[in-house]
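Working notes, beginning with the structure itself.
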Amino acid sequence: MDDKKNFKEHVSSLGITLPEPPSAKGVYLPVARYGNLIFTSGTGANINGQRLYTGKVGGTVTLEDARKSAYWAVLNNISNIYSVIGEDIRNLRILKLTGYVNSEPDFIQQAKVIDGASEVLVDIFGDNGRHARSAIGVASLPFSLSVEIELVAEIMDTRI
């Protein structure tokens, strides 16, 4: 990352627009910090309060739209992290991504769906965006979200 650019400039230079951080939809924190560890709550694809790509993947939601849902869900996580730690996000290393896919029973491409989130993390953070991951098919998600993403990350001492 160019040291002369702030984080939002860096993301913008990649052709990515960070959405406004979505608010919690219940009694929980969107982001919790414990020392240098960051934990995000499960987040879906919401832009300005508008839910995107709702429904079952392999049914009303195509694989490509589910990948877009994963993309926007992880950007919402990043936006929430930025709202808590600010420019320290430049020192972030993604440790773990858990992706939940609201799947039809015969849909088995959850990993391809969650690639939509993993790829953008590597685009933004480079090697520090590479992470351990789980891609899990589930029977339903809140608000009929097609994808929900949560992250565990570390604020490192050196810049990426």
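Ligands are numbered from 1 in the order shown, residues from 1 within each chain, and chains are lettered A, B, ... in the order they appear in the structure tokens.
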Excluding Ser79 of chain A and its own-chain neighbours fewer than 6 positions away, which residues fall within 12 Å of it when counting only C-alpha atoms? Please give them as a list in words.
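Once the nearby chain positions are removed, what remains is Phe7, Lys8, Val11, Ile16, Thr17, Leu18, Pro19, Glu20, Pro21, Pro22, Ser23, Pro30, Val31, Thr40, Thr43, Asn46, Ile47, Trp72, Ala73, Ile85, Gly86, Glu87 and Ile89 of chain A.
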Step one, run DSSP on the backbone; step two, keep only residues of segment 2-152 of chain A assigned to strand (DSSP E); then write them as a PDB file with all heavy atoms, in the first residue's frame.
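Full text of selection_13.pdb as output:
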ATOM      1  N   VAL A  31     -18.431  -4.734  15.470  1.00  0.00           N
ATOM      2  CA  VAL A  31     -17.002  -5.028  15.589  1.00  0.00           C
ATOM      3  C   VAL A  31     -16.638  -5.031  17.068  1.00  0.00           C
ATOM      4  O   VAL A  31     -17.029  -4.130  17.813  1.00  0.00           O
ATOM      5  CB  VAL A  31     -16.135  -3.965  14.862  1.00  0.00           C
ATOM      6  CG1 VAL A  31     -14.650  -4.227  15.066  1.00  0.00           C
ATOM      7  CG2 VAL A  31     -16.465  -3.907  13.381  1.00  0.00           C
ATOM      8  N   ALA A  32     -15.886  -6.051  17.486  1.00  0.00           N
ATOM      9  CA  ALA A  32     -15.353  -6.098  18.846  1.00  0.00           C
ATOM     10  C   ALA A  32     -13.835  -6.198  18.752  1.00  0.00           C
ATOM     11  O   ALA A  32     -13.305  -6.935  17.922  1.00  0.00           O
ATOM     12  CB  ALA A  32     -15.916  -7.292  19.609  1.00  0.00           C
ATOM     13  N   ARG A  33     -13.169  -5.426  19.594  1.00  0.00           N
ATOM     14  CA  ARG A  33     -11.701  -5.448  19.623  1.00  0.00           C
ATOM     15  C   ARG A  33     -11.242  -5.997  20.964  1.00  0.00           C
ATOM     16  O   ARG A  33     -11.744  -5.607  22.013  1.00  0.00           O
ATOM     17  CB  ARG A  33     -11.163  -4.033  19.415  1.00  0.00           C
ATOM     18  CG  ARG A  33      -9.648  -3.977  19.427  1.00  0.00           C
ATOM     19  CD  ARG A  33      -9.133  -2.598  19.101  1.00  0.00           C
ATOM     20  NE  ARG A  33      -7.666  -2.617  19.101  1.00  0.00           N
ATOM     21  CZ  ARG A  33      -6.924  -1.599  18.741  1.00  0.00           C
ATOM     22  NH1 ARG A  33      -7.490  -0.466  18.332  1.00  0.00           N
ATOM     23  NH2 ARG A  33      -5.608  -1.692  18.779  1.00  0.00           N
ATOM     24  N   TYR A  34     -10.276  -6.903  20.899  1.00  0.00           N
ATOM     25  CA  TYR A  34      -9.637  -7.443  22.098  1.00  0.00           C
ATOM     26  C   TYR A  34      -8.139  -7.345  21.858  1.00  0.00           C
ATOM     27  O   TYR A  34      -7.574  -8.119  21.077  1.00  0.00           O
ATOM     28  CB  TYR A  34     -10.067  -8.894  22.336  1.00  0.00           C
ATOM     29  CG  TYR A  34      -9.456  -9.487  23.575  1.00  0.00           C
ATOM     30  CD1 TYR A  34      -9.963  -9.170  24.831  1.00  0.00           C
ATOM     31  CD2 TYR A  34      -8.373 -10.341  23.492  1.00  0.00           C
ATOM     32  CE1 TYR A  34      -9.402  -9.705  25.978  1.00  0.00           C
ATOM     33  CE2 TYR A  34      -7.798 -10.882  24.636  1.00  0.00           C
ATOM     34  CZ  TYR A  34      -8.320 -10.552  25.880  1.00  0.00           C
ATOM     35  OH  TYR A  34      -7.757 -11.071  27.014  1.00  0.00           O
ATOM     36  N   LEU A  37      -6.625  -7.941  18.367  1.00  0.00           N
ATOM     37  CA  LEU A  37      -7.529  -8.782  17.581  1.00  0.00           C
ATOM     38  C   LEU A  37      -8.845  -8.062  17.317  1.00  0.00           C
ATOM     39  O   LEU A  37      -9.379  -7.368  18.186  1.00  0.00           O
ATOM     40  CB  LEU A  37      -7.804 -10.101  18.306  1.00  0.00           C
ATOM     41  CG  LEU A  37      -6.626 -11.053  18.435  1.00  0.00           C
ATOM     42  CD1 LEU A  37      -7.040 -12.293  19.232  1.00  0.00           C
ATOM     43  CD2 LEU A  37      -6.087 -11.447  17.064  1.00  0.00           C
ATOM     44  N   ILE A  38      -9.353  -8.261  16.108  1.00  0.00           N
ATOM     45  CA  ILE A  38     -10.614  -7.676  15.669  1.00  0.00           C
ATOM     46  C   ILE A  38     -11.554  -8.810  15.280  1.00  0.00           C
ATOM     47  O   ILE A  38     -11.176  -9.696  14.507  1.00  0.00           O
ATOM     48  CB  ILE A  38     -10.400  -6.753  14.442  1.00  0.00           C
ATOM     49  CG1 ILE A  38      -9.410  -5.640  14.753  1.00  0.00           C
ATOM     50  CG2 ILE A  38     -11.718  -6.225  13.902  1.00  0.00           C
ATOM     51  CD1 ILE A  38      -9.897  -4.616  15.748  1.00  0.00           C
ATOM     52  N   PHE A  39     -12.777  -8.772  15.795  1.00  0.00           N
ATOM     53  CA  PHE A  39     -13.806  -9.754  15.456  1.00  0.00           C
ATOM     54  C   PHE A  39     -15.001  -8.990  14.891  1.00  0.00           C
ATOM     55  O   PHE A  39     -15.458  -8.034  15.507  1.00  0.00           O
ATOM     56  CB  PHE A  39     -14.264 -10.516  16.706  1.00  0.00           C
ATOM     57  CG  PHE A  39     -13.158 -11.259  17.397  1.00  0.00           C
ATOM     58  CD1 PHE A  39     -12.337 -10.627  18.326  1.00  0.00           C
ATOM     59  CD2 PHE A  39     -12.939 -12.599  17.121  1.00  0.00           C
ATOM     60  CE1 PHE A  39     -11.319 -11.318  18.967  1.00  0.00           C
ATOM     61  CE2 PHE A  39     -11.916 -13.295  17.758  1.00  0.00           C
ATOM     62  CZ  PHE A  39     -11.103 -12.659  18.682  1.00  0.00           C
ATOM     63  N   THR A  40     -15.486  -9.419  13.732  1.00  0.00           N
ATOM     64  CA  THR A  40     -16.689  -8.790  13.198  1.00  0.00           C
ATOM     65  C   THR A  40     -17.875  -9.716  13.395  1.00  0.00           C
ATOM     66  O   THR A  40     -17.732 -10.943  13.386  1.00  0.00           O
ATOM     67  CB  THR A  40     -16.568  -8.449  11.697  1.00  0.00           C
ATOM     68  OG1 THR A  40     -16.521  -9.654  10.928  1.00  0.00           O
ATOM     69  CG2 THR A  40     -15.362  -7.574  11.416  1.00  0.00           C
ATOM     70  N   ASN A  46     -25.523  -5.230   2.324  1.00  0.00           N
ATOM     71  CA  ASN A  46     -26.433  -4.098   2.506  1.00  0.00           C
ATOM     72  C   ASN A  46     -25.732  -2.841   2.026  1.00  0.00           C
ATOM     73  O   ASN A  46     -24.584  -2.603   2.386  1.00  0.00           O
ATOM     74  CB  ASN A  46     -26.769  -3.893   3.990  1.00  0.00           C
ATOM     75  CG  ASN A  46     -27.452  -5.074   4.602  1.00  0.00           C
ATOM     76  OD1 ASN A  46     -28.485  -5.502   4.121  1.00  0.00           O
ATOM     77  ND2 ASN A  46     -26.880  -5.610   5.663  1.00  0.00           N
ATOM     78  N   ILE A  47     -26.405  -2.064   1.221  1.00  0.00           N
ATOM     79  CA  ILE A  47     -25.886  -0.768   0.809  1.00  0.00           C
ATOM     80  C   ILE A  47     -26.920   0.275   1.202  1.00  0.00           C
ATOM     81  O   ILE A  47     -28.076   0.227   0.744  1.00  0.00           O
ATOM     82  CB  ILE A  47     -25.626  -0.705  -0.718  1.00  0.00           C
ATOM     83  CG1 ILE A  47     -24.708  -1.848  -1.166  1.00  0.00           C
ATOM     84  CG2 ILE A  47     -25.074   0.659  -1.108  1.00  0.00           C
ATOM     85  CD1 ILE A  47     -23.320  -1.812  -0.583  1.00  0.00           C
ATOM     86  N   GLN A  50     -30.249  -0.954   2.151  1.00  0.00           N
ATOM     87  CA  GLN A  50     -30.928  -1.775   1.141  1.00  0.00           C
ATOM     88  C   GLN A  50     -30.253  -3.145   1.053  1.00  0.00           C
ATOM     89  O   GLN A  50     -29.058  -3.223   0.769  1.00  0.00           O
ATOM     90  CB  GLN A  50     -30.858  -1.065  -0.216  1.00  0.00           C
ATOM     91  CG  GLN A  50     -31.616  -1.741  -1.325  1.00  0.00           C
ATOM     92  CD  GLN A  50     -33.112  -1.530  -1.214  1.00  0.00           C
ATOM     93  OE1 GLN A  50     -33.588  -0.706  -0.437  1.00  0.00           O
ATOM     94  NE2 GLN A  50     -33.852  -2.295  -1.962  1.00  0.00           N
ATOM     95  N   ARG A  51     -30.984  -4.202   1.309  1.00  0.00           N
ATOM     96  CA  ARG A  51     -30.426  -5.556   1.209  1.00  0.00           C
ATOM     97  C   ARG A  51     -30.326  -5.972  -0.253  1.00  0.00           C
ATOM     98  O   ARG A  51     -31.256  -5.779  -1.026  1.00  0.00           O
ATOM     99  CB  ARG A  51     -31.286  -6.540   1.983  1.00  0.00           C
ATOM    100  CG  ARG A  51     -31.181  -6.341   3.464  1.00  0.00           C
ATOM    101  CD  ARG A  51     -31.957  -7.397   4.242  1.00  0.00           C
ATOM    102  NE  ARG A  51     -31.974  -7.019   5.635  1.00  0.00           N
ATOM    103  CZ  ARG A  51     -32.932  -6.287   6.206  1.00  0.00           C
ATOM    104  NH1 ARG A  51     -33.959  -5.893   5.508  1.00  0.00           N
ATOM    105  NH2 ARG A  51     -32.859  -5.964   7.478  1.00  0.00           N
ATOM    106  N   LEU A  92      -3.731  -4.022   9.098  1.00  0.00           N
ATOM    107  CA  LEU A  92      -4.587  -5.175   9.351  1.00  0.00           C
ATOM    108  C   LEU A  92      -4.111  -6.415   8.601  1.00  0.00           C
ATOM    109  O   LEU A  92      -3.687  -6.331   7.451  1.00  0.00           O
ATOM    110  CB  LEU A  92      -6.018  -4.848   8.913  1.00  0.00           C
ATOM    111  CG  LEU A  92      -7.131  -5.668   9.561  1.00  0.00           C
ATOM    112  CD1 LEU A  92      -7.231  -5.336  11.049  1.00  0.00           C
ATOM    113  CD2 LEU A  92      -8.452  -5.388   8.877  1.00  0.00           C
ATOM    114  N   ARG A  93      -4.188  -7.537   9.281  1.00  0.00           N
ATOM    115  CA  ARG A  93      -3.966  -8.840   8.652  1.00  0.00           C
ATOM    116  C   ARG A  93      -5.210  -9.670   8.905  1.00  0.00           C
ATOM    117  O   ARG A  93      -5.651  -9.820  10.055  1.00  0.00           O
ATOM    118  CB  ARG A  93      -2.763  -9.549   9.268  1.00  0.00           C
ATOM    119  CG  ARG A  93      -2.586 -10.934   8.665  1.00  0.00           C
ATOM    120  CD  ARG A  93      -1.236 -11.539   9.012  1.00  0.00           C
ATOM    121  NE  ARG A  93      -1.122 -12.805   8.299  1.00  0.00           N
ATOM    122  CZ  ARG A  93      -1.114 -13.990   8.904  1.00  0.00           C
ATOM    123  NH1 ARG A  93      -1.189 -14.071  10.217  1.00  0.00           N
ATOM    124  NH2 ARG A  93      -1.017 -15.083   8.186  1.00  0.00           N
ATOM    125  N   ILE A  94      -5.814 -10.174   7.838  1.00  0.00           N
ATOM    126  CA  ILE A  94      -7.002 -11.010   7.960  1.00  0.00           C
ATOM    127  C   ILE A  94      -6.558 -12.421   8.342  1.00  0.00           C
ATOM    128  O   ILE A  94      -5.742 -13.029   7.649  1.00  0.00           O
ATOM    129  CB  ILE A  94      -7.808 -11.039   6.635  1.00  0.00           C
ATOM    130  CG1 ILE A  94      -8.091  -9.616   6.132  1.00  0.00           C
ATOM    131  CG2 ILE A  94      -9.090 -11.850   6.826  1.00  0.00           C
ATOM    132  CD1 ILE A  94      -8.877  -8.735   7.063  1.00  0.00           C
ATOM    133  N   LEU A  95      -7.071 -12.921   9.448  1.00  0.00           N
ATOM    134  CA  LEU A  95      -6.699 -14.246   9.925  1.00  0.00           C
ATOM    135  C   LEU A  95      -7.700 -15.314   9.498  1.00  0.00           C
ATOM    136  O   LEU A  95      -7.320 -16.397   9.077  1.00  0.00           O
ATOM    137  CB  LEU A  95      -6.582 -14.245  11.452  1.00  0.00           C
ATOM    138  CG  LEU A  95      -5.556 -13.285  12.049  1.00  0.00           C
ATOM    139  CD1 LEU A  95      -5.655 -13.272  13.563  1.00  0.00           C
ATOM    140  CD2 LEU A  95      -4.160 -13.658  11.590  1.00  0.00           C
ATOM    141  N   LYS A  96      -8.987 -15.007   9.607  1.00  0.00           N
ATOM    142  CA  LYS A  96     -10.013 -16.022   9.375  1.00  0.00           C
ATOM    143  C   LYS A  96     -11.257 -15.372   8.799  1.00  0.00           C
ATOM    144  O   LYS A  96     -11.690 -14.320   9.254  1.00  0.00           O
ATOM    145  CB  LYS A  96     -10.348 -16.716  10.700  1.00  0.00           C
ATOM    146  CG  LYS A  96     -11.529 -17.648  10.691  1.00  0.00           C
ATOM    147  CD  LYS A  96     -11.205 -18.984  10.098  1.00  0.00           C
ATOM    148  CE  LYS A  96     -12.431 -19.883  10.242  1.00  0.00           C
ATOM    149  NZ  LYS A  96     -12.282 -21.189   9.792  1.00  0.00           N
ATOM    150  N   LEU A  97     -11.817 -15.989   7.783  1.00  0.00           N
ATOM    151  CA  LEU A  97     -13.095 -15.590   7.207  1.00  0.00           C
ATOM    152  C   LEU A  97     -14.033 -16.780   7.338  1.00  0.00           C
ATOM    153  O   LEU A  97     -13.664 -17.900   6.978  1.00  0.00           O
ATOM    154  CB  LEU A  97     -12.929 -15.223   5.731  1.00  0.00           C
ATOM    155  CG  LEU A  97     -14.170 -14.758   4.974  1.00  0.00           C
ATOM    156  CD1 LEU A  97     -13.765 -13.877   3.815  1.00  0.00           C
ATOM    157  CD2 LEU A  97     -15.028 -15.884   4.476  1.00  0.00           C
ATOM    158  N   THR A  98     -15.212 -16.548   7.877  1.00  0.00           N
ATOM    159  CA  THR A  98     -16.257 -17.568   7.887  1.00  0.00           C
ATOM    160  C   THR A  98     -17.401 -17.044   7.039  1.00  0.00           C
ATOM    161  O   THR A  98     -17.894 -15.940   7.269  1.00  0.00           O
ATOM    162  CB  THR A  98     -16.735 -17.875   9.320  1.00  0.00           C
ATOM    163  OG1 THR A  98     -15.597 -18.236  10.120  1.00  0.00           O
ATOM    164  CG2 THR A  98     -17.734 -19.017   9.332  1.00  0.00           C
ATOM    165  N   GLY A  99     -17.774 -17.835   6.038  1.00  0.00           N
ATOM    166  CA  GLY A  99     -18.848 -17.450   5.131  1.00  0.00           C
ATOM    167  C   GLY A  99     -19.992 -18.443   5.204  1.00  0.00           C
ATOM    168  O   GLY A  99     -19.790 -19.655   5.107  1.00  0.00           O
ATOM    169  N   TYR A 100     -21.183 -17.911   5.395  1.00  0.00           N
ATOM    170  CA  TYR A 100     -22.401 -18.718   5.454  1.00  0.00           C
ATOM    171  C   TYR A 100     -23.201 -18.440   4.191  1.00  0.00           C
ATOM    172  O   TYR A 100     -23.444 -17.285   3.849  1.00  0.00           O
ATOM    173  CB  TYR A 100     -23.229 -18.349   6.685  1.00  0.00           C
ATOM    174  CG  TYR A 100     -22.454 -18.507   7.974  1.00  0.00           C
ATOM    175  CD1 TYR A 100     -21.765 -17.424   8.521  1.00  0.00           C
ATOM    176  CD2 TYR A 100     -22.390 -19.730   8.622  1.00  0.00           C
ATOM    177  CE1 TYR A 100     -21.041 -17.565   9.697  1.00  0.00           C
ATOM    178  CE2 TYR A 100     -21.670 -19.883   9.798  1.00  0.00           C
ATOM    179  CZ  TYR A 100     -20.999 -18.794  10.322  1.00  0.00           C
ATOM    180  OH  TYR A 100     -20.277 -18.940  11.481  1.00  0.00           O
ATOM    181  N   VAL A 101     -23.599 -19.500   3.504  1.00  0.00           N
ATOM    182  CA  VAL A 101     -24.333 -19.366   2.242  1.00  0.00           C
ATOM    183  C   VAL A 101     -25.718 -19.980   2.426  1.00  0.00           C
ATOM    184  O   VAL A 101     -25.842 -21.174   2.739  1.00  0.00           O
ATOM    185  CB  VAL A 101     -23.576 -20.063   1.089  1.00  0.00           C
ATOM    186  CG1 VAL A 101     -24.335 -19.892  -0.218  1.00  0.00           C
ATOM    187  CG2 VAL A 101     -22.151 -19.507   0.963  1.00  0.00           C
ATOM    188  N   ASN A 102     -26.744 -19.177   2.243  1.00  0.00           N
ATOM    189  CA  ASN A 102     -28.135 -19.604   2.327  1.00  0.00           C
ATOM    190  C   ASN A 102     -28.418 -20.438   1.066  1.00  0.00           C
ATOM    191  O   ASN A 102     -28.711 -19.899   0.011  1.00  0.00           O
ATOM    192  CB  ASN A 102     -29.034 -18.362   2.402  1.00  0.00           C
ATOM    193  CG  ASN A 102     -30.492 -18.687   2.587  1.00  0.00           C
ATOM    194  OD1 ASN A 102     -30.893 -19.834   2.685  1.00  0.00           O
ATOM    195  ND2 ASN A 102     -31.301 -17.638   2.625  1.00  0.00           N
ATOM    196  N   ALA A 132      -7.254 -18.030   6.610  1.00  0.00           N
ATOM    197  CA  ALA A 132      -7.938 -19.308   6.785  1.00  0.00           C
ATOM    198  C   ALA A 132      -9.425 -19.051   6.531  1.00  0.00           C
ATOM    199  O   ALA A 132      -9.901 -17.911   6.686  1.00  0.00           O
ATOM    200  CB  ALA A 132      -7.712 -19.839   8.195  1.00  0.00           C
ATOM    201  N   ARG A 133     -10.160 -20.111   6.128  1.00  0.00           N
ATOM    202  CA  ARG A 133     -11.537 -19.849   5.719  1.00  0.00           C
ATOM    203  C   ARG A 133     -12.417 -21.071   5.883  1.00  0.00           C
ATOM    204  O   ARG A 133     -11.968 -22.202   5.729  1.00  0.00           O
ATOM    205  CB  ARG A 133     -11.532 -19.425   4.260  1.00  0.00           C
ATOM    206  CG  ARG A 133     -12.884 -19.037   3.737  1.00  0.00           C
ATOM    207  CD  ARG A 133     -12.811 -18.624   2.308  1.00  0.00           C
ATOM    208  NE  ARG A 133     -13.033 -19.777   1.445  1.00  0.00           N
ATOM    209  CZ  ARG A 133     -13.124 -19.692   0.130  1.00  0.00           C
ATOM    210  NH1 ARG A 133     -12.975 -18.536  -0.476  1.00  0.00           N
ATOM    211  NH2 ARG A 133     -13.337 -20.765  -0.592  1.00  0.00           N
ATOM    212  N   SER A 134     -13.690 -20.816   6.156  1.00  0.00           N
ATOM    213  CA  SER A 134     -14.731 -21.831   6.097  1.00  0.00           C
ATOM    214  C   SER A 134     -15.856 -21.283   5.226  1.00  0.00           C
ATOM    215  O   SER A 134     -16.202 -20.106   5.321  1.00  0.00           O
ATOM    216  CB  SER A 134     -15.287 -22.148   7.487  1.00  0.00           C
ATOM    217  OG  SER A 134     -14.278 -22.692   8.307  1.00  0.00           O
ATOM    218  N   ALA A 135     -16.415 -22.142   4.381  1.00  0.00           N
ATOM    219  CA  ALA A 135     -17.564 -21.806   3.533  1.00  0.00           C
ATOM    220  C   ALA A 135     -18.652 -22.817   3.871  1.00  0.00           C
ATOM    221  O   ALA A 135     -18.515 -24.004   3.565  1.00  0.00           O
ATOM    222  CB  ALA A 135     -17.183 -21.862   2.067  1.00  0.00           C
ATOM    223  N   ILE A 136     -19.716 -22.352   4.492  1.00  0.00           N
ATOM    224  CA  ILE A 136     -20.717 -23.237   5.079  1.00  0.00           C
ATOM    225  C   ILE A 136     -22.079 -22.995   4.444  1.00  0.00           C
ATOM    226  O   ILE A 136     -22.552 -21.856   4.389  1.00  0.00           O
ATOM    227  CB  ILE A 136     -20.807 -22.982   6.600  1.00  0.00           C
ATOM    228  CG1 ILE A 136     -19.422 -23.158   7.241  1.00  0.00           C
ATOM    229  CG2 ILE A 136     -21.841 -23.891   7.251  1.00  0.00           C
ATOM    230  CD1 ILE A 136     -19.306 -22.553   8.617  1.00  0.00           C
ATOM    231  N   GLY A 137     -22.708 -24.062   3.984  1.00  0.00           N
ATOM    232  CA  GLY A 137     -24.077 -23.972   3.492  1.00  0.00           C
ATOM    233  C   GLY A 137     -25.043 -24.086   4.656  1.00  0.00           C
ATOM    234  O   GLY A 137     -24.887 -24.953   5.515  1.00  0.00           O
ATOM    235  N   VAL A 138     -26.032 -23.183   4.683  1.00  0.00           N
ATOM    236  CA  VAL A 138     -27.026 -23.185   5.764  1.00  0.00           C
ATOM    237  C   VAL A 138     -28.434 -23.154   5.177  1.00  0.00           C
ATOM    238  O   VAL A 138     -28.633 -22.771   4.020  1.00  0.00           O
ATOM    239  CB  VAL A 138     -26.818 -21.985   6.729  1.00  0.00           C
ATOM    240  CG1 VAL A 138     -25.471 -22.079   7.436  1.00  0.00           C
ATOM    241  CG2 VAL A 138     -26.956 -20.658   6.002  1.00  0.00           C
ATOM    242  N   VAL A 147     -25.875 -14.459   1.694  1.00  0.00           N
ATOM    243  CA  VAL A 147     -24.533 -14.699   2.229  1.00  0.00           C
ATOM    244  C   VAL A 147     -24.337 -13.841   3.474  1.00  0.00           C
ATOM    245  O   VAL A 147     -24.775 -12.687   3.518  1.00  0.00           O
ATOM    246  CB  VAL A 147     -23.446 -14.343   1.185  1.00  0.00           C
ATOM    247  CG1 VAL A 147     -22.042 -14.484   1.764  1.00  0.00           C
ATOM    248  CG2 VAL A 147     -23.589 -15.196  -0.068  1.00  0.00           C
ATOM    249  N   GLU A 148     -23.661 -14.407   4.451  1.00  0.00           N
ATOM    250  CA  GLU A 148     -23.253 -13.666   5.641  1.00  0.00           C
ATOM    251  C   GLU A 148     -21.773 -13.971   5.876  1.00  0.00           C
ATOM    252  O   GLU A 148     -21.351 -15.122   5.792  1.00  0.00           O
ATOM    253  CB  GLU A 148     -24.086 -14.099   6.839  1.00  0.00           C
ATOM    254  CG  GLU A 148     -23.819 -13.308   8.095  1.00  0.00           C
ATOM    255  CD  GLU A 148     -24.790 -13.656   9.215  1.00  0.00           C
ATOM    256  OE1 GLU A 148     -25.991 -13.804   8.947  1.00  0.00           O
ATOM    257  OE2 GLU A 148     -24.312 -13.775  10.363  1.00  0.00           O
ATOM    258  N   ILE A 149     -21.001 -12.925   6.155  1.00  0.00           N
ATOM    259  CA  ILE A 149     -19.550 -13.043   6.324  1.00  0.00           C
ATOM    260  C   ILE A 149     -19.158 -12.505   7.697  1.00  0.00           C
ATOM    261  O   ILE A 149     -19.648 -11.459   8.125  1.00  0.00           O
ATOM    262  CB  ILE A 149     -18.792 -12.213   5.252  1.00  0.00           C
ATOM    263  CG1 ILE A 149     -19.144 -12.658   3.844  1.00  0.00           C
ATOM    264  CG2 ILE A 149     -17.285 -12.226   5.504  1.00  0.00           C
ATOM    265  CD1 ILE A 149     -18.566 -13.963   3.410  1.00  0.00           C
ATOM    266  N   GLU A 150     -18.234 -13.213   8.357  1.00  0.00           N
ATOM    267  CA  GLU A 150     -17.606 -12.676   9.569  1.00  0.00           C
ATOM    268  C   GLU A 150     -16.096 -12.853   9.444  1.00  0.00           C
ATOM    269  O   GLU A 150     -15.620 -13.760   8.752  1.00  0.00           O
ATOM    270  CB  GLU A 150     -18.141 -13.342  10.830  1.00  0.00           C
ATOM    271  CG  GLU A 150     -17.917 -14.817  10.916  1.00  0.00           C
ATOM    272  CD  GLU A 150     -18.556 -15.443  12.151  1.00  0.00           C
ATOM    273  OE1 GLU A 150     -19.688 -15.071  12.502  1.00  0.00           O
ATOM    274  OE2 GLU A 150     -17.904 -16.322  12.753  1.00  0.00           O
ATOM    275  N   LEU A 151     -15.365 -11.960  10.084  1.00  0.00           N
ATOM    276  CA  LEU A 151     -13.905 -11.951  10.001  1.00  0.00           C
ATOM    277  C   LEU A 151     -13.268 -11.951  11.388  1.00  0.00           C
ATOM    278  O   LEU A 151     -13.848 -11.417  12.341  1.00  0.00           O
ATOM    279  CB  LEU A 151     -13.406 -10.689   9.285  1.00  0.00           C
ATOM    280  CG  LEU A 151     -13.827 -10.459   7.844  1.00  0.00           C
ATOM    281  CD1 LEU A 151     -13.353  -9.093   7.377  1.00  0.00           C
ATOM    282  CD2 LEU A 151     -13.285 -11.561   6.955  1.00  0.00           C
ATOM    283  N   VAL A 152     -12.067 -12.504  11.440  1.00  0.00           N
ATOM    284  CA  VAL A 152     -11.160 -12.318  12.568  1.00  0.00           C
ATOM    285  C   VAL A 152      -9.883 -11.749  11.959  1.00  0.00           C
ATOM    286  O   VAL A 152      -9.378 -12.270  10.959  1.00  0.00           O
ATOM    287  CB  VAL A 152     -10.864 -13.645  13.311  1.00  0.00           C
ATOM    288  CG1 VAL A 152      -9.863 -13.407  14.441  1.00  0.00           C
ATOM    289  CG2 VAL A 152     -12.143 -14.273  13.832  1.00  0.00           C
TER     290      VAL A 152
END
Those of segment 1-154 of chain A in DSSP alpha helix (DSSP H), formatted as a ChimeraX atom specification:
/A:7-13,63-85,110-125
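We find atom CA of Gly55 of chain A and atom CA of Ser83 of chain A to be spaced 28.6 Å apart.
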Distance of atom CA of Ala66 of chain A from atom CA of Ala111 of chain A, expressed in Å to one decimal place
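Result for atom CA of Ala111 of chain A versus atom CA of Ala66 of chain A: 10.9 Å, one decimal.
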Near Phe107 of chain A, within 9 Å and counting only C-alpha atoms, which residues show up once chain neighbours fewer than 4 positions away are dropped, as a list in words?
Val57, Gly58, Gly59, Ser103 and Gly137 of chain A
Would you write out those residues with C-alpha atoms, as a PDB file, in the first residue's frame?
ATOM      1  CA  VAL A  57     -28.358 -19.625  -3.646  1.00  0.00           C
ATOM      2  CA  GLY A  58     -29.011 -22.260  -6.272  1.00  0.00           C
ATOM      3  CA  GLY A  59     -32.634 -21.119  -6.339  1.00  0.00           C
ATOM      4  CA  SER A 103     -28.235 -22.644   0.042  1.00  0.00           C
ATOM      5  CA  GLY A 137     -24.077 -23.972   3.492  1.00  0.00           C
TER       6      GLY A 137
END
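Computed from the coordinates, the atom CA of Asn6 of chain A to atom CA of Asp88 of chain A distance equals 10.2 Å.
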List the spatial neighbours of Val74 of chain A as a ChimeraX atom specification - criterion: any atom at most 7 Å away, only C-alpha atoms, same-chain residues fewer than 4 positions off excluded.
/A:70,78,117,149
Dump N, CA, C and O atoms for the selected residues as a PDB file, in the first residue's frame?
ATOM      1  N   ALA A  70     -21.282 -11.891  -1.454  1.00  0.00           N
ATOM      2  CA  ALA A  70     -20.113 -12.102  -0.594  1.00  0.00           C
ATOM      3  C   ALA A  70     -19.170 -10.904  -0.667  1.00  0.00           C
ATOM      4  O   ALA A  70     -18.614 -10.468   0.350  1.00  0.00           O
ATOM      5  N   ILE A  78     -15.295  -4.632   6.299  1.00  0.00           N
ATOM      6  CA  ILE A  78     -14.135  -3.730   6.251  1.00  0.00           C
ATOM      7  C   ILE A  78     -14.547  -2.313   6.632  1.00  0.00           C
ATOM      8  O   ILE A  78     -13.853  -1.627   7.386  1.00  0.00           O
ATOM      9  N   ALA A 117     -15.620 -12.969  -1.596  1.00  0.00           N
ATOM     10  CA  ALA A 117     -15.123 -12.193  -0.447  1.00  0.00           C
ATOM     11  C   ALA A 117     -13.613 -12.322  -0.326  1.00  0.00           C
ATOM     12  O   ALA A 117     -12.908 -11.329  -0.116  1.00  0.00           O
ATOM     13  N   ILE A 149     -21.001 -12.925   6.155  1.00  0.00           N
ATOM     14  CA  ILE A 149     -19.550 -13.043   6.324  1.00  0.00           C
ATOM     15  C   ILE A 149     -19.158 -12.505   7.697  1.00  0.00           C
ATOM     16  O   ILE A 149     -19.648 -11.459   8.125  1.00  0.00           O
TER      17      ILE A 149
END
Out of A:Gly35, A:Gly44, A:Gly26, A:Gly116, which residue has the shortest atom-to-atom distance to Ala153 of chain A when counting only C-alpha atoms?
A:Gly35
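Using only C-alpha atoms for every distance, the candidate list A:Glu119, A:Thr54, A:Gly126, A:Asn36 yields A:Asn36 as the residue closest to Glu154 of chain A.
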Between A:Asp127, A:Asp157, A:Pro142, A:Val120, which is the closest to Gly15 of chain A once you count only C-alpha atoms?
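Closest to Gly15 of chain A, using only C-alpha atoms: A:Val120.
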